[in-house]
>>> print(open('data_8.txt').read())   # compact mmCIF, C-alpha atoms and all ligand atoms
# COMPACT_ATOMS: atom_id res chain seq x y z
CA MET J 1 -16.33 -22.18 -6.82
CA THR J 2 -19.12 -19.67 -6.33
CA HIS J 3 -20.27 -18.39 -2.94
CA GLU J 4 -23.46 -20.49 -3.33
CA GLN J 5 -21.48 -23.65 -4.11
CA LEU J 6 -19.14 -23.06 -1.19
CA PHE J 7 -21.63 -22.11 1.48
CA GLY J 8 -25.12 -22.94 0.14
CA ALA J 9 -26.09 -19.30 0.66
CA THR J 10 -26.70 -16.35 -1.63
CA PRO J 11 -24.44 -13.32 -0.99
CA GLU J 12 -26.23 -10.40 0.62
CA GLY J 13 -23.85 -8.04 -1.11
CA HIS J 14 -20.54 -7.57 -2.90
CA TRP J 15 -17.81 -5.13 -1.93
CA SER J 16 -14.40 -4.21 -3.35
CA ALA J 17 -11.23 -2.52 -2.11
CA PRO J 18 -8.19 -1.70 -4.27
CA GLY J 19 -4.47 -2.21 -4.08
CA ARG J 20 -2.38 0.96 -4.34
CA VAL J 21 0.79 2.50 -5.64
CA ASN J 22 2.40 5.32 -3.76
CA LEU J 23 3.43 8.09 -6.14
CA ILE J 24 5.92 9.48 -3.60
CA GLY J 25 6.40 9.46 0.21
CA GLU J 26 7.99 6.11 1.04
CA HIS J 27 8.90 4.91 4.54
CA THR J 28 7.37 8.10 5.92
CA ASP J 29 4.17 6.63 7.38
CA TYR J 30 5.84 5.41 10.58
CA ASN J 31 7.54 8.79 10.97
CA ASP J 32 4.25 10.76 11.15
CA GLY J 33 5.09 11.95 7.62
CA LEU J 34 3.41 12.49 4.25
CA ALA J 35 2.52 10.14 1.42
CA LEU J 36 0.76 10.45 -1.94
CA PRO J 37 -0.87 7.14 -2.91
CA MET J 38 -3.41 6.34 -5.59
CA ALA J 39 -5.70 3.34 -5.87
CA LEU J 40 -5.05 0.73 -8.55
CA PRO J 41 -7.79 -0.65 -10.78
CA HIS J 42 -6.93 -4.02 -9.21
CA THR J 43 -9.19 -4.93 -6.29
CA ALA J 44 -10.02 -7.54 -3.70
CA LYS J 45 -13.71 -8.40 -3.89
CA ALA J 46 -15.76 -9.95 -1.09
CA ALA J 47 -19.14 -11.69 -1.33
CA VAL J 48 -20.73 -11.97 2.11
CA SER J 49 -23.71 -13.70 3.71
CA ARG J 50 -24.67 -13.89 7.37
CA ARG J 51 -25.04 -17.11 9.37
CA ALA J 52 -27.43 -17.76 12.23
CA ASP J 53 -24.60 -19.00 14.50
CA ARG J 54 -21.31 -17.36 15.54
CA ARG J 55 -18.89 -18.99 13.12
CA LEU J 56 -16.73 -17.12 10.61
CA LEU J 57 -16.12 -19.03 7.35
CA LEU J 58 -13.50 -17.54 5.05
CA PHE J 59 -12.60 -18.64 1.53
CA SER J 60 -10.18 -17.17 -0.99
CA GLY J 61 -9.92 -18.01 -4.66
CA TRP J 62 -6.19 -17.42 -4.19
CA MET J 63 -5.95 -20.63 -2.13
CA PRO J 64 -8.89 -22.71 -3.36
CA GLU J 65 -7.39 -26.10 -2.50
CA ALA J 66 -7.29 -25.19 1.20
CA GLY J 67 -11.10 -24.85 1.25
CA PRO J 68 -12.91 -22.53 3.65
CA VAL J 69 -11.24 -21.64 6.96
CA ASP J 70 -13.73 -22.17 9.80
CA LEU J 71 -13.29 -19.97 12.88
CA ASP J 72 -15.20 -19.29 16.10
CA LEU J 73 -16.02 -15.55 16.22
CA ASP J 74 -15.87 -15.53 20.01
CA ALA J 75 -12.49 -17.27 20.20
CA LEU J 76 -10.61 -14.85 17.91
CA ALA J 77 -7.44 -13.60 19.58
CA PRO J 78 -4.02 -12.51 18.31
CA GLY J 79 -1.91 -15.57 17.52
CA THR J 80 -4.85 -17.95 17.09
CA VAL J 81 -5.11 -17.68 13.30
CA THR J 82 -2.14 -18.18 10.98
CA GLY J 83 -1.80 -17.69 7.23
CA TRP J 84 -3.90 -15.50 4.97
CA ALA J 85 -7.10 -15.83 7.04
CA ALA J 86 -5.46 -13.77 9.81
CA TYR J 87 -6.06 -10.60 7.75
CA PRO J 88 -9.87 -10.83 7.44
CA ALA J 89 -10.26 -12.60 10.80
CA GLY J 90 -8.18 -9.79 12.33
CA VAL J 91 -10.69 -7.27 11.03
CA ALA J 92 -13.57 -9.12 12.73
CA TRP J 93 -11.46 -9.23 15.91
CA ALA J 94 -10.63 -5.50 15.70
CA LEU J 95 -14.31 -4.63 15.21
CA ARG J 96 -15.25 -6.67 18.27
CA GLU J 97 -12.41 -5.09 20.26
CA ALA J 98 -13.83 -1.68 19.29
CA GLY J 99 -17.13 -2.75 20.85
CA HIS J 100 -19.10 -3.64 17.72
CA ASP J 101 -21.46 -6.56 17.78
CA LEU J 102 -21.00 -9.05 14.92
CA GLY J 103 -22.70 -12.32 14.00
CA GLY J 104 -21.54 -15.36 12.03
CA LEU J 105 -20.55 -14.91 8.39
CA HIS J 106 -19.53 -16.55 5.15
CA ILE J 107 -17.04 -14.47 3.19
CA SER J 108 -15.61 -15.47 -0.18
CA PHE J 109 -12.77 -13.38 -1.64
CA GLU J 110 -11.55 -12.94 -5.21
CA SER J 111 -8.64 -10.59 -5.83
CA ASP J 112 -6.59 -9.52 -8.82
CA VAL J 113 -4.16 -7.43 -6.75
CA PRO J 114 -0.73 -9.04 -7.25
CA VAL J 115 0.16 -10.70 -3.94
CA GLY J 116 3.37 -9.75 -2.15
CA ALA J 117 4.33 -7.25 -4.86
CA GLY J 118 4.32 -4.16 -2.66
CA LEU J 119 0.91 -3.20 -4.05
CA SER J 120 -1.03 -3.77 -0.80
CA SER J 121 -2.95 -6.95 -1.49
CA SER J 122 -3.11 -7.45 2.29
CA ALA J 123 -4.67 -4.02 2.93
CA ALA J 124 -7.17 -4.61 0.11
CA LEU J 125 -8.27 -7.83 1.81
CA GLU J 126 -8.59 -6.11 5.20
CA VAL J 127 -10.36 -3.00 3.98
CA VAL J 128 -12.90 -4.88 1.86
CA THR J 129 -13.71 -6.99 4.93
CA ALA J 130 -14.05 -3.94 7.17
CA LEU J 131 -16.35 -2.15 4.71
CA ALA J 132 -18.54 -5.23 4.14
CA LEU J 133 -18.96 -5.81 7.87
CA SER J 134 -19.63 -2.14 8.56
CA ASP J 135 -22.39 -2.15 5.95
CA LEU J 136 -23.92 -5.52 6.89
CA PHE J 137 -24.03 -4.78 10.61
CA ASP J 138 -24.99 -1.10 10.16
CA LEU J 139 -21.88 0.21 11.89
CA GLY J 140 -21.69 3.29 9.65
CA LEU J 141 -17.89 3.52 9.85
CA ALA J 142 -16.23 6.27 7.80
CA PRO J 143 -13.37 5.34 5.43
CA ALA J 144 -10.62 6.52 7.83
CA ALA J 145 -12.18 4.49 10.65
CA LEU J 146 -12.19 1.40 8.41
CA ALA J 147 -8.52 2.02 7.67
CA ARG J 148 -7.64 2.27 11.37
CA LEU J 149 -9.42 -1.00 12.13
CA ALA J 150 -7.75 -2.68 9.16
CA ARG J 151 -4.36 -1.51 10.36
CA ARG J 152 -5.10 -2.80 13.84
CA ALA J 153 -5.90 -6.19 12.25
CA GLU J 154 -2.59 -6.22 10.37
CA ASN J 155 -0.44 -4.98 13.29
CA ASP J 156 -2.00 -6.57 16.34
CA PHE J 157 -3.73 -9.67 14.97
CA ALA J 158 -1.67 -10.77 11.96
CA GLY J 159 1.48 -9.44 13.67
CA VAL J 160 2.80 -7.37 10.76
CA PRO J 161 4.19 -4.01 12.01
CA SER J 162 3.17 -1.82 9.05
CA GLY J 163 2.20 1.88 9.00
CA ILE J 164 -1.27 3.18 8.04
CA LEU J 165 -0.52 4.17 4.44
CA ASP J 166 -1.80 1.04 2.71
CA GLN J 167 -5.11 0.87 4.54
CA MET J 168 -5.80 4.61 4.17
CA ALA J 169 -5.07 4.40 0.45
CA SER J 170 -7.37 1.43 -0.08
CA ALA J 171 -10.18 2.97 1.99
CA CYS J 172 -9.96 6.65 1.03
CA CYS J 173 -8.59 7.08 -2.51
CA THR J 174 -10.93 8.34 -5.22
CA ALA J 175 -10.82 7.84 -9.00
CA GLY J 176 -8.78 10.39 -10.93
CA HIS J 177 -6.91 11.58 -7.83
CA VAL J 178 -3.86 10.99 -5.74
CA LEU J 179 -4.42 11.27 -2.01
CA ARG J 180 -2.25 13.60 0.05
CA LEU J 181 -2.12 11.75 3.32
CA ASP J 182 -0.74 13.26 6.50
CA THR J 183 -0.09 10.20 8.63
CA ARG J 184 0.19 12.29 11.83
CA ASP J 185 -3.44 13.43 11.98
CA LEU J 186 -4.81 11.38 9.05
CA GLY J 187 -5.57 14.64 7.28
CA LEU J 188 -6.55 13.99 3.65
CA ARG J 189 -6.67 15.96 0.46
CA GLN J 190 -7.77 14.54 -2.89
CA ILE J 191 -5.54 16.00 -5.62
CA PRO J 192 -6.64 15.71 -9.25
CA PHE J 193 -4.15 13.70 -11.32
CA ALA J 194 -5.52 13.97 -14.82
CA MET J 195 -2.93 11.74 -16.46
CA ALA J 196 -4.76 11.19 -19.76
CA LEU J 197 -5.41 14.91 -20.15
CA GLU J 198 -1.73 15.67 -19.68
CA GLY J 199 -0.58 12.85 -21.97
CA LEU J 200 0.95 10.92 -19.09
CA ARG J 201 1.01 7.18 -18.49
CA LEU J 202 2.08 5.36 -15.36
CA LEU J 203 3.60 1.90 -15.59
CA VAL J 204 3.89 -0.47 -12.65
CA VAL J 205 6.80 -2.90 -12.89
CA ASP J 206 6.30 -5.88 -10.59
CA THR J 207 9.79 -7.35 -10.35
CA ARG J 208 8.28 -10.56 -8.87
CA VAL J 209 11.18 -10.52 -6.44
CA ARG J 210 10.69 -10.62 -2.69
CA HIS J 211 13.91 -10.83 -0.74
CA ALA J 212 13.81 -12.93 2.38
CA HIS J 213 15.36 -10.37 4.73
CA ALA J 214 12.66 -7.76 4.00
CA ASP J 215 10.79 -8.10 7.31
CA GLY J 216 13.85 -7.83 9.54
CA ALA J 217 15.17 -4.88 7.55
CA TYR J 218 11.81 -3.11 7.82
CA ALA J 219 11.88 -3.46 11.60
CA ALA J 220 15.50 -2.25 11.64
CA ARG J 221 14.60 0.88 9.62
CA ARG J 222 11.74 1.69 11.98
CA ALA J 223 14.07 1.34 14.95
CA GLU J 224 16.69 3.56 13.27
CA CYS J 225 14.10 6.25 12.60
CA GLU J 226 12.98 6.13 16.23
CA ALA J 227 16.59 6.35 17.37
CA GLY J 228 17.10 9.36 15.08
CA ALA J 229 14.03 11.14 16.47
CA THR J 230 15.12 10.42 20.05
CA ALA J 231 18.65 11.68 19.39
CA LEU J 232 17.23 14.87 17.89
CA GLY J 233 14.70 15.35 20.70
CA VAL J 234 11.60 15.34 18.50
CA PRO J 235 8.46 13.15 18.72
CA ALA J 236 8.98 11.92 15.13
CA LEU J 237 11.25 12.65 12.15
CA ARG J 238 8.29 14.47 10.64
CA ASP J 239 9.15 17.29 13.02
CA ILE J 240 12.45 18.04 11.27
CA PRO J 241 11.65 20.55 8.50
CA ILE J 242 13.80 20.55 5.37
CA GLU J 243 15.32 23.89 6.44
CA GLY J 244 16.49 22.24 9.65
CA LEU J 245 18.05 19.20 7.97
CA ALA J 246 21.68 20.36 7.87
CA GLY J 247 21.58 21.34 11.52
CA ALA J 248 19.95 18.06 12.50
CA LEU J 249 22.51 16.00 10.59
CA ALA J 250 25.34 17.87 12.30
CA ARG J 251 23.94 16.76 15.66
CA LEU J 252 23.86 13.04 14.79
CA PRO J 253 26.94 11.05 15.68
CA ASP J 254 26.39 8.12 13.37
CA ASP J 255 26.60 8.04 9.56
CA THR J 256 23.90 5.39 9.12
CA LEU J 257 21.48 7.35 11.29
CA ARG J 258 22.32 10.52 9.36
CA ARG J 259 21.41 8.87 6.07
CA ARG J 260 18.14 7.41 7.43
CA VAL J 261 17.11 10.82 8.77
CA ARG J 262 18.08 12.53 5.52
CA HIS J 263 15.85 10.15 3.55
CA VAL J 264 12.77 10.78 5.69
CA VAL J 265 13.20 14.57 5.82
CA THR J 266 13.91 14.95 2.09
CA GLU J 267 11.13 12.49 1.22
CA ASN J 268 8.51 14.53 3.10
CA ASP J 269 9.79 17.56 1.21
CA ARG J 270 9.52 15.72 -2.11
CA VAL J 271 5.87 14.93 -1.34
CA GLU J 272 5.18 18.63 -0.77
CA ARG J 273 7.00 19.56 -3.99
CA VAL J 274 5.08 16.98 -6.05
CA VAL J 275 1.81 18.23 -4.52
CA ALA J 276 2.76 21.84 -5.33
CA LEU J 277 3.37 20.92 -8.98
CA LEU J 278 0.14 18.92 -9.28
CA ASP J 279 -1.79 21.81 -7.71
CA VAL J 280 -0.73 24.16 -10.50
CA GLY J 281 -1.22 21.65 -13.34
CA ARG J 282 2.47 20.89 -13.86
CA ALA J 283 2.28 17.11 -13.48
CA ARG J 284 4.81 16.62 -16.26
CA GLU J 285 7.49 18.13 -14.07
CA ILE J 286 7.28 15.65 -11.19
CA GLY J 287 9.50 13.05 -12.89
CA PRO J 288 12.87 14.19 -11.46
CA LEU J 289 11.37 14.22 -7.94
CA LEU J 290 10.32 10.59 -8.37
CA THR J 291 13.78 9.59 -9.54
CA ALA J 292 15.42 11.56 -6.71
CA GLY J 293 13.14 9.70 -4.29
CA HIS J 294 14.44 6.43 -5.68
CA ALA J 295 18.06 7.48 -5.24
CA SER J 296 17.30 8.40 -1.63
CA LEU J 297 15.66 5.02 -0.93
CA ARG J 298 18.56 3.25 -2.63
CA ASP J 299 21.50 5.15 -1.14
CA ASP J 300 20.30 6.71 2.13
CA PHE J 301 17.57 4.32 3.27
CA GLU J 302 19.05 1.20 1.63
CA VAL J 303 15.78 -0.59 0.89
CA SER J 304 16.12 -1.08 -2.87
CA CYS J 305 17.56 -4.07 -4.73
CA ALA J 306 19.23 -4.77 -8.08
CA GLU J 307 15.95 -5.47 -9.91
CA LEU J 308 14.28 -2.25 -8.71
CA ASP J 309 17.38 -0.19 -9.52
CA LEU J 310 17.46 -1.70 -13.01
CA ALA J 311 13.74 -1.00 -13.61
CA VAL J 312 14.40 2.65 -12.72
CA SER J 313 17.64 3.14 -14.64
CA ALA J 314 16.44 1.31 -17.77
CA SER J 315 13.18 3.24 -17.94
CA VAL J 316 14.80 6.65 -17.39
CA ALA J 317 17.44 5.82 -20.01
CA ALA J 318 14.63 4.92 -22.42
CA GLY J 319 13.02 8.33 -22.01
CA ALA J 320 10.68 7.98 -19.00
CA LEU J 321 10.09 11.26 -17.12
CA GLY J 322 10.92 9.59 -13.81
CA ALA J 323 10.78 6.29 -11.94
CA ARG J 324 11.07 4.92 -8.43
CA MET J 325 10.50 1.87 -6.33
CA THR J 326 7.12 1.92 -4.57
CA GLY J 327 6.15 0.12 -1.38
CA GLY J 328 8.49 -1.19 1.29
CA GLY J 329 11.28 -2.29 -1.05
CA PHE J 330 13.67 -5.28 -1.17
CA GLY J 331 11.77 -6.39 -4.26
CA GLY J 332 8.16 -5.67 -5.09
CA SER J 333 7.34 -3.00 -7.64
CA ALA J 334 8.59 0.16 -9.29
CA LEU J 335 6.51 2.85 -10.94
CA VAL J 336 7.48 4.65 -14.12
CA LEU J 337 6.03 7.93 -15.41
CA VAL J 338 6.02 8.28 -19.19
CA ALA J 339 5.00 11.18 -21.46
CA GLU J 340 3.20 9.76 -24.45
CA ASP J 341 4.57 12.46 -26.77
CA THR J 342 6.02 10.19 -29.43
CA ALA J 343 4.18 7.23 -30.90
CA ASP J 344 4.18 4.42 -28.33
CA ALA J 345 6.68 6.00 -25.93
CA THR J 346 5.19 3.74 -23.24
CA GLY J 347 5.80 0.63 -25.35
CA THR J 348 9.41 1.74 -25.91
CA VAL J 349 9.99 2.14 -22.17
CA ARG J 350 8.31 -1.16 -21.39
CA ALA J 351 10.46 -2.97 -23.98
CA ALA J 352 13.60 -1.34 -22.55
CA ILE J 353 12.76 -2.63 -19.06
CA GLU J 354 12.04 -6.13 -20.34
CA ASP J 355 15.25 -6.19 -22.41
CA ALA J 356 17.32 -4.96 -19.47
CA PHE J 357 15.89 -7.67 -17.19
CA ALA J 358 16.59 -10.35 -19.80
CA ALA J 359 20.15 -9.10 -20.34
CA ALA J 360 20.80 -9.13 -16.58
CA GLY J 361 19.40 -12.65 -16.24
CA HIS J 362 16.51 -11.54 -14.01
CA HIS J 363 13.12 -13.22 -14.01
CA PRO J 364 10.83 -11.37 -16.50
CA PRO J 365 8.93 -8.60 -14.71
CA ARG J 366 5.17 -8.14 -14.94
CA VAL J 367 4.48 -4.69 -16.37
CA PHE J 368 1.03 -3.11 -16.37
CA GLU J 369 -0.51 0.34 -16.60
CA ALA J 370 -2.08 2.07 -13.63
CA ILE J 371 -4.80 4.69 -13.64
CA PRO J 372 -5.93 6.40 -10.41
CA SER J 373 -8.99 4.36 -9.45
CA SER J 374 -11.73 4.24 -6.84
CA GLY J 375 -11.25 3.36 -3.18
CA ALA J 376 -13.28 0.75 -1.30
CA GLN J 377 -16.94 0.59 -2.29
CA ARG J 378 -20.07 -1.51 -2.27
CA LEU J 379 -20.63 -2.95 -5.73
CA PRO J 380 -23.97 -2.70 -7.51
CA VAL J 381 -25.90 -5.98 -7.59
P1 LIG D 401 1.36 -6.97 -0.22
O1 LIG D 401 0.35 -6.40 0.71
O2 LIG D 401 2.37 -5.97 -0.65
O3 LIG D 401 0.76 -7.68 -1.39
P2 LIG D 401 1.94 -8.58 2.07
O4 LIG D 401 3.05 -9.50 2.39
O5 LIG D 401 1.68 -7.44 2.99
O6 LIG D 401 2.19 -8.07 0.58
O7 LIG D 401 0.58 -9.38 1.97
C1 LIG D 401 0.50 -10.59 1.23
C2 LIG D 401 -0.33 -11.57 2.01
O8 LIG D 401 -1.69 -11.12 2.08
C3 LIG D 401 -0.41 -12.94 1.38
O9 LIG D 401 0.71 -13.74 1.74
C4 LIG D 401 -1.71 -13.47 1.93
O10 LIG D 401 -1.53 -13.95 3.25
C5 LIG D 401 -2.57 -12.23 2.00
N1 LIG D 401 -3.38 -12.08 0.78
C6 LIG D 401 -3.30 -11.09 -0.14
N2 LIG D 401 -4.22 -11.27 -1.12
C7 LIG D 401 -4.89 -12.40 -0.81
C8 LIG D 401 -5.96 -13.13 -1.41
N3 LIG D 401 -6.52 -12.75 -2.56
N4 LIG D 401 -6.39 -14.23 -0.78
C9 LIG D 401 -5.86 -14.64 0.37
N5 LIG D 401 -4.84 -14.02 0.99
C10 LIG D 401 -4.36 -12.90 0.41
MG MG D 402 0.71 -5.64 2.66
>>> encode(input="data_8.txt", output="structure tokens")
Amino acid sequence: MTHEQLFGATPEGHWSAPGRVNLIGEHTDYNDGLALPMALPHTAKAAVSRRADRRLLLFSGWMPEAGPVDLDLDALAPGTVTGWAAYPAGVAWALREAGHDLGGLHISFESDVPVGAGLSSSAALEVVTALALSDLFDLGLAPAALARLARRAENDFAGVPSGILDQMASACCTAGHVLRLDTRDLGLRQIPFAMALEGLRLLVVDTRVRHAHADGAYAARRAECEAGATALGVPALRDIPIEGLAGALARLPDDTLRRRVRHVVTENDRVERVVALLDVGRAREIGPLLTAGHASLRDDFEVSCAELDLAVSASVAAGALGARMTGGGFGGSALVLVAEDTADATGTVRAAIEDAFAAAGHHPPRVFEAIPSSGAQRLPV
């Protein structure tokens, strides 16, 4: 159904915001740490038209049978909207909470970001809404401000306690770059990642698995990180430098806490080491850091699963430079870096992953190629 068919109104504009993969820097964003995401070519798109009244009508092609969700702009409050509409409605709520004046709207969404695959389909939906509303109501919000509002929508309205990585990536990434994100001060640096030039390809392996205990485990990891920081007397684990790791571990009484802290501290260091290599044009050498990051998430942080581990081990065995889970874990997606030095090296790695999944009796994964793409933008008419 088109926007016109749904709402009897012509869109005043079209906007898009991408999903993301995080090259390295996982479970660091709630520890004031570092991450290195890039935008996917997959986006959520919004067509928007204003209404004369104060109703918010939301439609998604992902759930067409449900029809438009009809909400009262003035009655939006945390807990009042359930299901997918909480993400865009939460953005309208967060904008109003920040003192911005909005009017009624029709918004229709179409997205090709895989949903629930650890590729930030939820942030894409929030950020595209925030950008469209900022433009339509002349709010002039900068990308980082859009990301903060989108995160507020996800945390405080939809009730999902995520960090700021996904929203910053969707709002601030630029084509051809990875984004060095410092989640403490939201400091940003765009780092060229000229994959084609260097003969590199990046595969995303969506395992299509989402384990049920993911949400509880995520909350538990956050609590463990906070406990670690408290025990070490620092505001956040970000404040433990890699040189101070051994000393910090010696001061922790508990083995689980020690492993959680070790993941966060070594992961921040891996981000810096990947950045240092990219800065001097040595992108081909980042592979082992990616694979080491996976081992740390698997063994120290314990957020991987059999399918993700298999995607990593099968691709590395088939000649990939490196591979790791990306996103929160417990299912979702892995990324695989391949050097296209021999004819169809990427096809060989992809076949190895698919064969390994079949042999293990896992559901076939969805494998696609990622190139560093644009962040949120208004689309030409
Ligand atoms: P991820 O962000 O990794 O894809 P989440 O669990 O954070 O996974 O977000 C998935 C949720 O976001 C979906 O269950 C749905 O509520 C919402 N969502 C994502 N994309 C869409 C879409 N195109 N239309 C409607 N809701 C969507
Ligand atoms: Mg999400």
>>> atom_distance(input="data_8.txt", atom1="CA of Asp112 (chain J)", atom2="CA of Ala130 (chain J)")
18.5 Å
>>> closest_atom_pairs(input="data_8.txt", of="chain J", to="ligand MG 402 (chain D)", cutoff="8 Å", atoms="all atoms listed in the file", output="Markdown table")
| residue | atom | partner | partner_atom | distance |
| --- | --- | --- | --- | --- |
| J:Gly116 | CA | D:MG402 | MG | 6.9 |
| J:Gly118 | CA | D:MG402 | MG | 6.6 |
| J:Leu119 | CA | D:MG402 | MG | 7.1 |
| J:Ser120 | CA | D:MG402 | MG | 4.3 |
| J:Ser121 | CA | D:MG402 | MG | 5.7 |
| J:Ser122 | CA | D:MG402 | MG | 4.2 |
| J:Ala123 | CA | D:MG402 | MG | 5.6 |
| J:Ser162 | CA | D:MG402 | MG | 7.8 |
| J:Asp166 | CA | D:MG402 | MG | 7.1 |
>>> write_last_selection(input="data_8.txt", atoms="C-alpha atoms", output="PDB file, in the frame of the given file")
ATOM      1  CA  GLY J 116       3.370  -9.750  -2.150  1.00  0.00           C
ATOM      2  CA  GLY J 118       4.320  -4.160  -2.660  1.00  0.00           C
ATOM      3  CA  LEU J 119       0.910  -3.200  -4.050  1.00  0.00           C
ATOM      4  CA  SER J 120      -1.030  -3.770  -0.800  1.00  0.00           C
ATOM      5  CA  SER J 121      -2.950  -6.950  -1.490  1.00  0.00           C
ATOM      6  CA  SER J 122      -3.110  -7.450   2.290  1.00  0.00           C
ATOM      7  CA  ALA J 123      -4.670  -4.020   2.930  1.00  0.00           C
ATOM      8  CA  SER J 162       3.170  -1.820   9.050  1.00  0.00           C
ATOM      9  CA  ASP J 166      -1.800   1.040   2.710  1.00  0.00           C
TER      10      ASP J 166
END
>>> atom_distance(input="data_8.txt", atom1="atom C4 of ligand LIG 401 (chain D)", atom2="CA of Leu34 (chain J)")
26.6 Å
>>> atom_distance(input="data_8.txt", atom1="CA of Arg270 (chain J)", atom2="atom O5 of ligand LIG 401 (chain D)")
25.0 Å
>>> closest_atom_pairs(input="data_8.txt", of="chain J", to="ligand LIG 401 (chain D)", cutoff="7 Å", atoms="only C-alpha atoms and all ligand atoms", output="JSON lines")
{"residue": "J:Ala44", "atom": "CA", "partner": "D:LIG401", "partner_atom": "N3", "distance": 6.4}
{"residue": "J:Ser60", "atom": "CA", "partner": "D:LIG401", "partner_atom": "N4", "distance": 4.8}
{"residue": "J:Gly61", "atom": "CA", "partner": "D:LIG401", "partner_atom": "N4", "distance": 6.5}
{"residue": "J:Trp62", "atom": "CA", "partner": "D:LIG401", "partner_atom": "N4", "distance": 4.7}
{"residue": "J:Met63", "atom": "CA", "partner": "D:LIG401", "partner_atom": "C9", "distance": 6.5}
{"residue": "J:Gly83", "atom": "CA", "partner": "D:LIG401", "partner_atom": "O10", "distance": 5.5}
{"residue": "J:Trp84", "atom": "CA", "partner": "D:LIG401", "partner_atom": "O10", "distance": 3.3}
{"residue": "J:Ala85", "atom": "CA", "partner": "D:LIG401", "partner_atom": "N5", "distance": 6.7}
{"residue": "J:Tyr87", "atom": "CA", "partner": "D:LIG401", "partner_atom": "C5", "distance": 6.9}
{"residue": "J:Phe109", "atom": "CA", "partner": "D:LIG401", "partner_atom": "N3", "distance": 6.3}
{"residue": "J:Glu110", "atom": "CA", "partner": "D:LIG401", "partner_atom": "N3", "distance": 5.7}
{"residue": "J:Ser111", "atom": "CA", "partner": "D:LIG401", "partner_atom": "N3", "distance": 4.5}
{"residue": "J:Val113", "atom": "CA", "partner": "D:LIG401", "partner_atom": "N2", "distance": 6.8}
{"residue": "J:Pro114", "atom": "CA", "partner": "D:LIG401", "partner_atom": "O3", "distance": 6.2}
{"residue": "J:Val115", "atom": "CA", "partner": "D:LIG401", "partner_atom": "O3", "distance": 4.0}
{"residue": "J:Gly116", "atom": "CA", "partner": "D:LIG401", "partner_atom": "O6", "distance": 3.4}
{"residue": "J:Ala117", "atom": "CA", "partner": "D:LIG401", "partner_atom": "O2", "distance": 4.8}
{"residue": "J:Gly118", "atom": "CA", "partner": "D:LIG401", "partner_atom": "O2", "distance": 3.3}
{"residue": "J:Leu119", "atom": "CA", "partner": "D:LIG401", "partner_atom": "O2", "distance": 4.6}
{"residue": "J:Ser120", "atom": "CA", "partner": "D:LIG401", "partner_atom": "O1", "distance": 3.3}
{"residue": "J:Ser121", "atom": "CA", "partner": "D:LIG401", "partner_atom": "O3", "distance": 3.8}
{"residue": "J:Ser122", "atom": "CA", "partner": "D:LIG401", "partner_atom": "O8", "distance": 3.9}
{"residue": "J:Ala123", "atom": "CA", "partner": "D:LIG401", "partner_atom": "O1", "distance": 6.0}
{"residue": "J:Leu125", "atom": "CA", "partner": "D:LIG401", "partner_atom": "N2", "distance": 6.1}
>>> closest_residue(input="data_8.txt", among="J:Val261, J:Arg350, J:Val367, J:Arg50", to="Glu224 (chain J)", atoms="all atoms listed in the file")
J:Val261
>>> residues_around(input="data_8.txt", residues="Phe357 (chain J)", least_positions_apart="6", cutoff="12 Å", atoms="all atoms listed in the file", output="list of chain:residue names")
J:Val205, J:Asp206, J:Thr207, J:Arg208, J:Ala306, J:Glu307, J:Leu308, J:Asp309, J:Leu310, J:Ala311, J:Val312, J:Ser313, J:Ala314, J:Ser315, J:Arg350, J:Ala351, J:His363, J:Pro364, J:Pro365, J:Arg366, J:Val367
>>> closest_residue(input="data_8.txt", among="J:Arg180, J:His211, J:Arg152, J:Arg284", to="Pro37 (chain J)", atoms="all atoms listed in the file")
J:Arg180
>>> residues_around(input="data_8.txt", residues="Leu58 (chain J)", least_positions_apart="5", cutoff="7 Å", atoms="only C-alpha atoms", output="JSON, numbers by chain")
{"J": [68, 69, 70, 85, 106, 107, 108]}
>>> closest_residue(input="data_8.txt", among="J:Leu57, J:Cys173, J:Leu232, J:Met195", to="Gly247 (chain J)", atoms="all atoms listed in the file")
J:Leu232
>>> closest_residue(input="data_8.txt", among="J:Leu203, J:Glu126, J:Leu149, J:Ala323", to="Gly99 (chain J)", atoms="all atoms listed in the file")
J:Leu149
